[in-house]
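**Student:** The structure under discussion is supplied below as structure tokens; questions concerning it will follow.
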Amino acid sequence: MATTSSIDELAEIQCSFSEKRSLERIHKIVEYAKLDPSELKPTVQSIYFAADLDHEDVKLIELDDDVYQSLKKGDRLSIRGEKHEGAVLCTSDKTYNMKEAETSNSLLLLPTLDIINSDEQEPDVLNRYVQSVKHQYYELKPCKPKLKKLKELLEMSPYSGQLHEETSMENVKMYTYDELLDVIQASEDELMKALKALQVCTIDGKMRILEFDYLSQVLSSLFLLLDEKDWSYDAIPGTHCCEILADLYPKEVVLHVLNCYSDPVDDVEGAFCFNEHKVCRFHAEILLRHNDKFNFQDFMKTWNESVPQNMNVDLLQIQGLALIDRNSKPETITYFPVSELPENVSERFAALFKAKEKWSLDEITPYIVDLSSESCKVSALLTKNCRTSTQNGIKMFSSRQIIRV
């Protein structure tokens, strides 16, 4: 129990905050706190609350190691999201959901606070001032980029040739790369990958998707030119193709189509080699787009006849593009591209099981692999969202919920 004299001494030590603490007074406080003075650094930082605390201008974000390392390297962090969207934070290659969290502790923000490492210092008192007190901060959680909006924006201004530009696209909004980066919730690396996957072409500085029939015309013109000139599909002279087709298509469009459906030839500058997988898949899409449901055997025959000579079709080429119904008589195939399915995981699985009640692993994987991540593999997605059964010795996946159509 404290004596009257010790209480008086303590009251004297706890004087007005406007009066700065001396080293002697600090040592007295340490003594009353029953701390060992030898365990303390000689330099003391005395903390006070500033007269004009700021409560609004500063926001706190808890960083994981990846974001922290990005900052250390000098990378820029960007917060993206329109008013109707939840905010995300983007590094150069990753996207994070931002969620406000509360803490029962008071977080004190000081512009200066030293880390005292050495004991070989003269005793001193450094006055430090709290400029802001916070009870909220933002948590970051890695997430997939939000890319559905990207496809929707680009599909509003498809490119169908110069004549169509002059007559129908005068008042249509088109986007540069930087403008897309401002409105799409994705990192720069993720946006570039998405633009490549969507086969976006840069025309007059704008990011454009080639209208499908127009793309088909360009590709057909290239094959006709190669046959006419007797050029090999394995050594396509890109520059000559652009020059010969200049009256029909812009140079950037011809080069774009070559880049989308062929690969560069090693050691031959400006030469391309058609990619069999991509070309055959495109010809399959031409057939499937214009038929609601195709007799499977008729499709295979027509598909095989439509591809260029010396190219071979394979069902692996249309994974994630079409559904084959082996139970119908006769068997049928239907256009069902993964690019038109929802981004949301639960909505994606609902759409899949509405289209087909049971899926094998090989069938369903192409339709969900884009939803997977390092922390949530395809197997984990299936475990969480599907029930399993065995059919003719094959493991099948079906909905955990009853789907009523």
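Quick note on naming: the chains in the structure tokens go A, B, ... in the order shown, residues restart at 1 in each chain, and ligands are numbered from 1 in order of appearance.
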List the neighbours of stretch 214-218 of chain A out to 9 Å using only C-alpha atoms; skip same-chain residues closer than 4 positions along the sequence, and give me the result as a ChimeraX atom specification.
**Tutor:** /A:159-161,210,222-223,248-249,253-254,257,282-283,286
**Student:** Please, could you write that set of residues out with N, CA, C and O atoms as a PDB file, in the first residue's frame?
**Tutor:**
```
ATOM      1  N   TYR A 159     -13.857  -4.387 -84.013  1.00  0.00           N
ATOM      2  CA  TYR A 159     -13.319  -3.855 -85.268  1.00  0.00           C
ATOM      3  C   TYR A 159     -13.719  -4.772 -86.414  1.00  0.00           C
ATOM      4  O   TYR A 159     -13.446  -5.969 -86.393  1.00  0.00           O
ATOM      5  N   SER A 160     -14.367  -4.187 -87.459  1.00  0.00           N
ATOM      6  CA  SER A 160     -14.851  -4.967 -88.600  1.00  0.00           C
ATOM      7  C   SER A 160     -14.333  -4.433 -89.921  1.00  0.00           C
ATOM      8  O   SER A 160     -14.915  -4.696 -90.976  1.00  0.00           O
ATOM      9  N   GLY A 161     -13.284  -3.629 -89.875  1.00  0.00           N
ATOM     10  CA  GLY A 161     -12.746  -3.065 -91.108  1.00  0.00           C
ATOM     11  C   GLY A 161     -12.960  -1.567 -91.177  1.00  0.00           C
ATOM     12  O   GLY A 161     -13.809  -1.000 -90.484  1.00  0.00           O
ATOM     13  N   LEU A 210     -11.239  -7.992 -82.681  1.00  0.00           N
ATOM     14  CA  LEU A 210     -11.675  -8.156 -84.063  1.00  0.00           C
ATOM     15  C   LEU A 210     -13.001  -8.908 -84.085  1.00  0.00           C
ATOM     16  O   LEU A 210     -13.136  -9.955 -83.436  1.00  0.00           O
ATOM     17  N   LEU A 222      -5.289 -15.082 -95.624  1.00  0.00           N
ATOM     18  CA  LEU A 222      -3.908 -15.502 -95.437  1.00  0.00           C
ATOM     19  C   LEU A 222      -3.670 -16.895 -96.015  1.00  0.00           C
ATOM     20  O   LEU A 222      -2.669 -17.137 -96.713  1.00  0.00           O
ATOM     21  N   PHE A 223      -4.604 -17.815 -95.775  1.00  0.00           N
ATOM     22  CA  PHE A 223      -4.448 -19.170 -96.314  1.00  0.00           C
ATOM     23  C   PHE A 223      -4.526 -19.166 -97.841  1.00  0.00           C
ATOM     24  O   PHE A 223      -3.764 -19.873 -98.515  1.00  0.00           O
ATOM     25  N   LEU A 248      -6.681  -4.662 -98.524  1.00  0.00           N
ATOM     26  CA  LEU A 248      -7.832  -5.285 -97.874  1.00  0.00           C
ATOM     27  C   LEU A 248      -7.855  -5.065 -96.362  1.00  0.00           C
ATOM     28  O   LEU A 248      -8.916  -4.818 -95.777  1.00  0.00           O
ATOM     29  N   TYR A 249      -6.668  -5.133 -95.733  1.00  0.00           N
ATOM     30  CA  TYR A 249      -6.605  -5.083 -94.269  1.00  0.00           C
ATOM     31  C   TYR A 249      -5.418  -4.224 -93.819  1.00  0.00           C
ATOM     32  O   TYR A 249      -4.358  -4.236 -94.455  1.00  0.00           O
ATOM     33  N   VAL A 253      -3.476  -5.320 -88.370  1.00  0.00           N
ATOM     34  CA  VAL A 253      -4.450  -6.405 -88.260  1.00  0.00           C
ATOM     35  C   VAL A 253      -3.862  -7.710 -88.780  1.00  0.00           C
ATOM     36  O   VAL A 253      -3.999  -8.769 -88.150  1.00  0.00           O
ATOM     37  N   VAL A 254      -3.183  -7.658 -89.932  1.00  0.00           N
ATOM     38  CA  VAL A 254      -2.584  -8.869 -90.510  1.00  0.00           C
ATOM     39  C   VAL A 254      -1.529  -9.426 -89.561  1.00  0.00           C
ATOM     40  O   VAL A 254      -1.498 -10.641 -89.281  1.00  0.00           O
ATOM     41  N   VAL A 257      -3.206 -11.079 -86.502  1.00  0.00           N
ATOM     42  CA  VAL A 257      -3.768 -12.401 -86.770  1.00  0.00           C
ATOM     43  C   VAL A 257      -2.652 -13.436 -86.880  1.00  0.00           C
ATOM     44  O   VAL A 257      -2.778 -14.558 -86.373  1.00  0.00           O
ATOM     45  N   PHE A 282      -9.957 -22.744 -84.105  1.00  0.00           N
ATOM     46  CA  PHE A 282     -10.707 -21.640 -84.701  1.00  0.00           C
ATOM     47  C   PHE A 282     -11.706 -22.156 -85.737  1.00  0.00           C
ATOM     48  O   PHE A 282     -12.855 -21.694 -85.786  1.00  0.00           O
ATOM     49  N   HIS A 283     -11.301 -23.111 -86.555  1.00  0.00           N
ATOM     50  CA  HIS A 283     -12.226 -23.662 -87.544  1.00  0.00           C
ATOM     51  C   HIS A 283     -13.385 -24.396 -86.874  1.00  0.00           C
ATOM     52  O   HIS A 283     -14.519 -24.368 -87.382  1.00  0.00           O
ATOM     53  N   ILE A 286     -15.849 -21.750 -85.815  1.00  0.00           N
ATOM     54  CA  ILE A 286     -16.642 -21.253 -86.943  1.00  0.00           C
ATOM     55  C   ILE A 286     -17.872 -22.133 -87.139  1.00  0.00           C
ATOM     56  O   ILE A 286     -19.002 -21.642 -87.314  1.00  0.00           O
TER      57      ILE A 286
END
```
**Student:** Leaving out A:Ser22 and any residue of its chain fewer than 3 positions from it, which residues lie within 10 Å of it when counting only C-alpha atoms, given as an NGL selection string?
**Tutor:** :A and (13 or 19 or 25-28 or 44 or 46 or 124-126)
**Student:** Next, dump the selected residues to file, keeping only C-alpha atoms, as a CSV table (one decimal), in the first residue's frame.
**Tutor:**
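The file below, part_37.csv, is the result:
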```csv
chain,number,residue,atom,x,y,z
A,13,ILE,CA,5.5,13.2,-11.4
A,19,GLU,CA,5.0,20.3,-19.3
A,25,ARG,CA,11.0,12.5,-13.8
A,26,ILE,CA,11.1,9.6,-16.3
A,27,HIS,CA,13.5,7.7,-14.0
A,28,LYS,CA,11.0,8.2,-11.1
A,44,VAL,CA,14.1,7.9,-23.8
A,46,SER,CA,8.6,10.7,-24.5
A,124,ASP,CA,18.8,11.9,-23.4
A,125,VAL,CA,15.0,12.6,-23.8
A,126,LEU,CA,13.5,12.8,-27.2
```
**Student:** Give the answer as one residue: which of A:Ile244, A:Leu382, A:Ala197, A:Lys148 has the shortest atom-to-atom distance to A:Pro342, using only C-alpha atoms?
**Tutor:**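 The shortest atom-to-atom distance to A:Pro342 comes from A:Lys148.
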**Student:** Might you pull out every residue within 9 Å of A:Ser373, with only C-alpha atoms counted and same-chain residues fewer than 4 positions away left off, and present them as a ChimeraX atom specification?
**Tutor:** /A:143-144,369,377-378
**Student:** For atom CA of A:Asn105 and atom CA of A:Ser132, quote the distance in Å rounded to one decimal.
**Tutor:**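 Answer for the atom CA of A:Asn105 to atom CA of A:Ser132 separation: 13.5 Å.
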**Student:** Could you pull out the strand (DSSP E) residues of stretch 101-152 of chain A, going by DSSP on the backbone, and write them as a list of chain:residue names?
**Tutor:**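 Of stretch 101-152 of chain A, only A:Ala101, A:Glu102, A:Thr103, A:Ser104, A:Asn105, A:Ser106, A:Leu107, A:Leu108, A:Leu109, A:Asp124, A:Val125, A:Leu126, A:Asn127, A:Arg128, A:Tyr129, A:Val130, A:Ser132, A:Val133, A:Lys134, A:His135, A:Gln136, A:Tyr137, A:Tyr138, A:Glu139, A:Leu140, A:Lys141, A:Pro142, A:Cys143 fall in strand (DSSP E).
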**Student:** Could you write out, as a list in words, all the residues of stretch 199-231 of chain A that DSSP marks as alpha helix (DSSP H)?
**Tutor:**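 Selection result, alpha helix (DSSP H) within stretch 199-231 of chain A: Phe212, Asp213, Tyr214, Leu215, Ser216, Gln217, Val218, Leu219, Ser220, Ser221, Leu222, Phe223, Leu224, Leu225, Leu226, Asp227, Glu228 and Lys229 of chain A.
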**Student:** Generate a file of the selected residues that holds N, CA, C and O atoms, formatted as a PDB file, in the first residue's frame.
**Tutor:**
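Written out: selection_38.pdb:
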```
ATOM      1  N   PHE A 212     -15.735 -11.442 -85.071  1.00  0.00           N
ATOM      2  CA  PHE A 212     -15.401 -12.826 -85.392  1.00  0.00           C
ATOM      3  C   PHE A 212     -15.417 -13.100 -86.897  1.00  0.00           C
ATOM      4  O   PHE A 212     -14.494 -13.726 -87.435  1.00  0.00           O
ATOM      5  N   ASP A 213     -16.449 -12.664 -87.596  1.00  0.00           N
ATOM      6  CA  ASP A 213     -16.521 -12.923 -89.039  1.00  0.00           C
ATOM      7  C   ASP A 213     -15.400 -12.192 -89.777  1.00  0.00           C
ATOM      8  O   ASP A 213     -14.860 -12.715 -90.763  1.00  0.00           O
ATOM      9  N   TYR A 214     -15.061 -10.996 -89.317  1.00  0.00           N
ATOM     10  CA  TYR A 214     -13.960 -10.248 -89.928  1.00  0.00           C
ATOM     11  C   TYR A 214     -12.639 -10.980 -89.687  1.00  0.00           C
ATOM     12  O   TYR A 214     -11.815 -11.119 -90.600  1.00  0.00           O
ATOM     13  N   LEU A 215     -12.432 -11.483 -88.476  1.00  0.00           N
ATOM     14  CA  LEU A 215     -11.240 -12.266 -88.162  1.00  0.00           C
ATOM     15  C   LEU A 215     -11.161 -13.491 -89.061  1.00  0.00           C
ATOM     16  O   LEU A 215     -10.083 -13.840 -89.575  1.00  0.00           O
ATOM     17  N   SER A 216     -12.291 -14.143 -89.282  1.00  0.00           N
ATOM     18  CA  SER A 216     -12.340 -15.304 -90.154  1.00  0.00           C
ATOM     19  C   SER A 216     -11.936 -14.947 -91.584  1.00  0.00           C
ATOM     20  O   SER A 216     -11.222 -15.700 -92.249  1.00  0.00           O
ATOM     21  N   GLN A 217     -12.368 -13.773 -92.049  1.00  0.00           N
ATOM     22  CA  GLN A 217     -12.009 -13.318 -93.398  1.00  0.00           C
ATOM     23  C   GLN A 217     -10.501 -13.101 -93.528  1.00  0.00           C
ATOM     24  O   GLN A 217      -9.887 -13.495 -94.523  1.00  0.00           O
ATOM     25  N   VAL A 218      -9.905 -12.476 -92.507  1.00  0.00           N
ATOM     26  CA  VAL A 218      -8.464 -12.205 -92.549  1.00  0.00           C
ATOM     27  C   VAL A 218      -7.692 -13.517 -92.577  1.00  0.00           C
ATOM     28  O   VAL A 218      -6.754 -13.692 -93.375  1.00  0.00           O
ATOM     29  N   LEU A 219      -8.076 -14.450 -91.731  1.00  0.00           N
ATOM     30  CA  LEU A 219      -7.374 -15.730 -91.677  1.00  0.00           C
ATOM     31  C   LEU A 219      -7.546 -16.497 -92.988  1.00  0.00           C
ATOM     32  O   LEU A 219      -6.580 -17.092 -93.511  1.00  0.00           O
ATOM     33  N   SER A 220      -8.745 -16.467 -93.564  1.00  0.00           N
ATOM     34  CA  SER A 220      -8.984 -17.140 -94.849  1.00  0.00           C
ATOM     35  C   SER A 220      -8.151 -16.512 -95.958  1.00  0.00           C
ATOM     36  O   SER A 220      -7.601 -17.224 -96.822  1.00  0.00           O
ATOM     37  N   SER A 221      -8.041 -15.184 -95.922  1.00  0.00           N
ATOM     38  CA  SER A 221      -7.232 -14.485 -96.932  1.00  0.00           C
ATOM     39  C   SER A 221      -5.761 -14.882 -96.831  1.00  0.00           C
ATOM     40  O   SER A 221      -5.073 -15.021 -97.847  1.00  0.00           O
ATOM     41  N   LEU A 222      -5.289 -15.082 -95.624  1.00  0.00           N
ATOM     42  CA  LEU A 222      -3.908 -15.502 -95.437  1.00  0.00           C
ATOM     43  C   LEU A 222      -3.670 -16.895 -96.015  1.00  0.00           C
ATOM     44  O   LEU A 222      -2.669 -17.137 -96.713  1.00  0.00           O
ATOM     45  N   PHE A 223      -4.604 -17.815 -95.775  1.00  0.00           N
ATOM     46  CA  PHE A 223      -4.448 -19.170 -96.314  1.00  0.00           C
ATOM     47  C   PHE A 223      -4.526 -19.166 -97.841  1.00  0.00           C
ATOM     48  O   PHE A 223      -3.764 -19.873 -98.515  1.00  0.00           O
ATOM     49  N   LEU A 224      -5.436 -18.360 -98.388  1.00  0.00           N
ATOM     50  CA  LEU A 224      -5.541 -18.268 -99.846  1.00  0.00           C
ATOM     51  C   LEU A 224      -4.256 -17.697-100.442  1.00  0.00           C
ATOM     52  O   LEU A 224      -3.780 -18.173-101.495  1.00  0.00           O
ATOM     53  N   LEU A 225      -3.679 -16.705 -99.771  1.00  0.00           N
ATOM     54  CA  LEU A 225      -2.444 -16.103-100.259  1.00  0.00           C
ATOM     55  C   LEU A 225      -1.298 -17.111-100.234  1.00  0.00           C
ATOM     56  O   LEU A 225      -0.508 -17.195-101.194  1.00  0.00           O
ATOM     57  N   LEU A 226      -1.208 -17.865 -99.160  1.00  0.00           N
ATOM     58  CA  LEU A 226      -0.137 -18.860 -99.050  1.00  0.00           C
ATOM     59  C   LEU A 226      -0.269 -19.927-100.139  1.00  0.00           C
ATOM     60  O   LEU A 226       0.735 -20.348-100.739  1.00  0.00           O
ATOM     61  N   ASP A 227      -1.515 -20.350-100.392  1.00  0.00           N
ATOM     62  CA  ASP A 227      -1.725 -21.346-101.454  1.00  0.00           C
ATOM     63  C   ASP A 227      -1.403 -20.773-102.825  1.00  0.00           C
ATOM     64  O   ASP A 227      -0.789 -21.437-103.668  1.00  0.00           O
ATOM     65  N   GLU A 228      -1.790 -19.512-103.035  1.00  0.00           N
ATOM     66  CA  GLU A 228      -1.547 -18.863-104.325  1.00  0.00           C
ATOM     67  C   GLU A 228      -0.051 -18.688-104.592  1.00  0.00           C
ATOM     68  O   GLU A 228       0.429 -18.904-105.708  1.00  0.00           O
ATOM     69  N   LYS A 229       0.691 -18.306-103.563  1.00  0.00           N
ATOM     70  CA  LYS A 229       2.134 -18.084-103.715  1.00  0.00           C
ATOM     71  C   LYS A 229       2.946 -19.359-103.495  1.00  0.00           C
ATOM     72  O   LYS A 229       4.168 -19.340-103.658  1.00  0.00           O
TER      73      LYS A 229
END
```
**Student:** Considering only C-alpha atoms, can you say which of A:Ala87, A:Ala284, A:Met169, A:Leu110 comes closest to A:Pro145?
**Tutor:**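 Checking each candidate against A:Pro145, we get A:Ala87 as the closest.
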**Student:** Go through A:Pro142, A:Leu71, A:Tyr367, A:Leu316 one by one, measure the shortest atom-to-atom distance of each to A:Leu341 using only C-alpha atoms, and give the residue with the smallest value.
**Tutor:** A:Tyr367
**Student:** Rank A:Asp263, A:Glu139, A:Asp182, A:Asp204 by their smallest atom-to-atom distance to A:Glu165, using only C-alpha atoms, and report the top residue only.
**Tutor:** A:Asp204
**Student:** Excluding same-chain residues fewer than 4 positions from A:Ser168, what lies within 12 Å of it counting only C-alpha atoms, as a ChimeraX atom specification?
**Tutor:** /A:156-164,172-173
**Student:** Residues as selected, C-alpha atoms, written as a PDB file, in the first residue's frame, can you do that?
**Tutor:**
```
ATOM      1  CA  MET A 156     -18.935  -2.604 -77.413  1.00  0.00           C
ATOM      2  CA  SER A 157     -16.452  -1.529 -80.108  1.00  0.00           C
ATOM      3  CA  PRO A 158     -15.484  -4.558 -82.250  1.00  0.00           C
ATOM      4  CA  TYR A 159     -13.319  -3.855 -85.268  1.00  0.00           C
ATOM      5  CA  SER A 160     -14.851  -4.967 -88.600  1.00  0.00           C
ATOM      6  CA  GLY A 161     -12.746  -3.065 -91.108  1.00  0.00           C
ATOM      7  CA  GLN A 162     -12.191   0.552 -92.107  1.00  0.00           C
ATOM      8  CA  LEU A 163     -15.468   0.911 -93.989  1.00  0.00           C
ATOM      9  CA  HIS A 164     -17.435  -0.089 -90.897  1.00  0.00           C
ATOM     10  CA  VAL A 172     -18.678   4.517 -79.901  1.00  0.00           C
ATOM     11  CA  LYS A 173     -16.386   4.674 -76.855  1.00  0.00           C
TER      12      LYS A 173
END
```
**Student:** Counting only C-alpha atoms, which residue out of A:Ala186, A:Ile47, A:Ile209, A:Leu53 sits closest to A:Leu154?
**Tutor:** A:Ile209
**Student:** Can you tell me how far atom CA of A:Thr167 sits from atom CA of A:Arg289, in Å to one decimal?
**Tutor:**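 Interatomic distance here is 26.2 Å.
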**Student:** Just want the 7 Å neighbourhood of A:Thr388, counted on only C-alpha atoms, with same-chain residues fewer than 4 positions away dropped. Output as a ChimeraX atom specification.
**Tutor:** /A:395-398
**Student:** Which residues are close to A:Lys94, i.e. within 12 Å by only C-alpha atoms, leaving aside same-chain residues fewer than 4 positions away? Reply as a ChimeraX atom specification.
**Tutor:** /A:64,66-67,70,75-79,88-90,140-146,185-191,373
**Student:** Those residues you just picked out, can you put them in a file as a PDB file, in the first residue's frame with N, CA and C atoms?
**Tutor:**
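Dumped to again-v3.pdb:
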```pdb
ATOM      1  N   ASP A  64       1.093  -7.793 -46.773  1.00  0.00           N
ATOM      2  CA  ASP A  64       1.745  -9.097 -46.696  1.00  0.00           C
ATOM      3  C   ASP A  64       3.142  -8.957 -47.280  1.00  0.00           C
ATOM      4  N   ASP A  66       4.603 -10.092 -49.964  1.00  0.00           N
ATOM      5  CA  ASP A  66       4.714  -9.804 -51.398  1.00  0.00           C
ATOM      6  C   ASP A  66       4.518  -8.322 -51.689  1.00  0.00           C
ATOM      7  N   VAL A  67       3.515  -7.719 -51.063  1.00  0.00           N
ATOM      8  CA  VAL A  67       3.259  -6.297 -51.277  1.00  0.00           C
ATOM      9  C   VAL A  67       4.407  -5.463 -50.690  1.00  0.00           C
ATOM     10  N   SER A  70       7.314  -5.558 -52.971  1.00  0.00           N
ATOM     11  CA  SER A  70       7.052  -4.716 -54.146  1.00  0.00           C
ATOM     12  C   SER A  70       7.366  -3.256 -53.847  1.00  0.00           C
ATOM     13  N   ASP A  75       8.180  -0.476 -56.714  1.00  0.00           N
ATOM     14  CA  ASP A  75       6.986  -0.640 -57.543  1.00  0.00           C
ATOM     15  C   ASP A  75       5.869   0.271 -57.057  1.00  0.00           C
ATOM     16  N   ARG A  76       4.987   0.598 -57.963  1.00  0.00           N
ATOM     17  CA  ARG A  76       3.843   1.438 -57.618  1.00  0.00           C
ATOM     18  C   ARG A  76       2.658   0.559 -57.225  1.00  0.00           C
ATOM     19  N   LEU A  77       1.949   0.961 -56.182  1.00  0.00           N
ATOM     20  CA  LEU A  77       0.708   0.296 -55.787  1.00  0.00           C
ATOM     21  C   LEU A  77      -0.460   1.153 -56.251  1.00  0.00           C
ATOM     22  N   SER A  78      -1.488   0.508 -56.775  1.00  0.00           N
ATOM     23  CA  SER A  78      -2.654   1.241 -57.271  1.00  0.00           C
ATOM     24  C   SER A  78      -3.920   0.676 -56.648  1.00  0.00           C
ATOM     25  N   ILE A  79      -4.809   1.583 -56.229  1.00  0.00           N
ATOM     26  CA  ILE A  79      -6.125   1.184 -55.729  1.00  0.00           C
ATOM     27  C   ILE A  79      -7.128   1.454 -56.839  1.00  0.00           C
ATOM     28  N   VAL A  88      -9.970  -2.666 -54.891  1.00  0.00           N
ATOM     29  CA  VAL A  88      -8.882  -3.640 -54.881  1.00  0.00           C
ATOM     30  C   VAL A  88      -7.565  -2.875 -54.925  1.00  0.00           C
ATOM     31  N   LEU A  89      -6.517  -3.497 -54.391  1.00  0.00           N
ATOM     32  CA  LEU A  89      -5.172  -2.939 -54.478  1.00  0.00           C
ATOM     33  C   LEU A  89      -4.366  -3.807 -55.434  1.00  0.00           C
ATOM     34  N   CYS A  90      -3.625  -3.176 -56.335  1.00  0.00           N
ATOM     35  CA  CYS A  90      -2.856  -3.909 -57.337  1.00  0.00           C
ATOM     36  C   CYS A  90      -1.378  -3.577 -57.249  1.00  0.00           C
ATOM     37  N   LEU A 140      -5.624  -6.962 -46.657  1.00  0.00           N
ATOM     38  CA  LEU A 140      -5.487  -7.340 -48.059  1.00  0.00           C
ATOM     39  C   LEU A 140      -5.611  -8.852 -48.193  1.00  0.00           C
ATOM     40  N   LYS A 141      -6.420  -9.297 -49.146  1.00  0.00           N
ATOM     41  CA  LYS A 141      -6.574 -10.722 -49.402  1.00  0.00           C
ATOM     42  C   LYS A 141      -6.381 -10.955 -50.898  1.00  0.00           C
ATOM     43  N   PRO A 142      -5.409 -11.819 -51.283  1.00  0.00           N
ATOM     44  CA  PRO A 142      -5.194 -12.082 -52.713  1.00  0.00           C
ATOM     45  C   PRO A 142      -6.470 -12.552 -53.390  1.00  0.00           C
ATOM     46  N   CYS A 143      -6.728 -12.064 -54.591  1.00  0.00           N
ATOM     47  CA  CYS A 143      -7.937 -12.443 -55.317  1.00  0.00           C
ATOM     48  C   CYS A 143      -7.638 -12.517 -56.809  1.00  0.00           C
ATOM     49  N   LYS A 144      -8.554 -13.105 -57.551  1.00  0.00           N
ATOM     50  CA  LYS A 144      -8.430 -13.145 -58.996  1.00  0.00           C
ATOM     51  C   LYS A 144      -8.771 -11.762 -59.548  1.00  0.00           C
ATOM     52  N   PRO A 145      -8.160 -11.363 -60.651  1.00  0.00           N
ATOM     53  CA  PRO A 145      -8.522 -10.074 -61.262  1.00  0.00           C
ATOM     54  C   PRO A 145      -9.965 -10.090 -61.753  1.00  0.00           C
ATOM     55  N   LYS A 146     -10.622  -8.939 -61.753  1.00  0.00           N
ATOM     56  CA  LYS A 146     -12.021  -8.834 -62.190  1.00  0.00           C
ATOM     57  C   LYS A 146     -12.025  -8.476 -63.687  1.00  0.00           C
ATOM     58  N   GLN A 185     -10.185  -3.842 -62.708  1.00  0.00           N
ATOM     59  CA  GLN A 185      -9.573  -4.195 -61.428  1.00  0.00           C
ATOM     60  C   GLN A 185      -8.616  -5.380 -61.615  1.00  0.00           C
ATOM     61  N   ALA A 186      -7.432  -5.031 -62.097  1.00  0.00           N
ATOM     62  CA  ALA A 186      -6.403  -6.039 -62.358  1.00  0.00           C
ATOM     63  C   ALA A 186      -5.048  -5.352 -62.366  1.00  0.00           C
ATOM     64  N   SER A 187      -4.007  -6.115 -62.054  1.00  0.00           N
ATOM     65  CA  SER A 187      -2.646  -5.589 -62.140  1.00  0.00           C
ATOM     66  C   SER A 187      -2.253  -5.465 -63.611  1.00  0.00           C
ATOM     67  N   GLU A 188      -1.135  -4.786 -63.875  1.00  0.00           N
ATOM     68  CA  GLU A 188      -0.692  -4.601 -65.255  1.00  0.00           C
ATOM     69  C   GLU A 188      -0.387  -5.935 -65.911  1.00  0.00           C
ATOM     70  N   ASP A 189       0.301  -6.822 -65.203  1.00  0.00           N
ATOM     71  CA  ASP A 189       0.618  -8.139 -65.775  1.00  0.00           C
ATOM     72  C   ASP A 189      -0.646  -8.927 -66.064  1.00  0.00           C
ATOM     73  N   GLU A 190      -1.593  -8.888 -65.140  1.00  0.00           N
ATOM     74  CA  GLU A 190      -2.847  -9.637 -65.316  1.00  0.00           C
ATOM     75  C   GLU A 190      -3.665  -9.063 -66.467  1.00  0.00           C
ATOM     76  N   LEU A 191      -3.666  -7.734 -66.600  1.00  0.00           N
ATOM     77  CA  LEU A 191      -4.402  -7.108 -67.700  1.00  0.00           C
ATOM     78  C   LEU A 191      -3.777  -7.476 -69.047  1.00  0.00           C
ATOM     79  N   SER A 373      -5.989 -21.142 -58.203  1.00  0.00           N
ATOM     80  CA  SER A 373      -4.867 -20.289 -57.811  1.00  0.00           C
ATOM     81  C   SER A 373      -3.867 -21.149 -57.054  1.00  0.00           C
TER      82      SER A 373
END
```
**Student:** For a test of reading the model, state the distance in Å between atom CA of A:Lys72 and atom CA of A:Glu85, rounded to one decimal.
**Tutor:** 28.8 Å
**Student:** Within 12 Å of A:Leu60, counting only C-alpha atoms, which residues show up once you throw out same-chain ones fewer than 2 positions away? Write them as a list in words, please.
**Tutor:**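 Counting only the stated atoms, we get His55, Glu56, Asp57, Val58, Glu62, Leu63, Met98, Lys99, Glu100, Ala101, Glu102, Thr103, Leu107, Leu108, Leu109, Ser132, Val133, Lys134, His135, Gln136, Tyr137, Tyr138, Glu139 and Leu140 of chain A.
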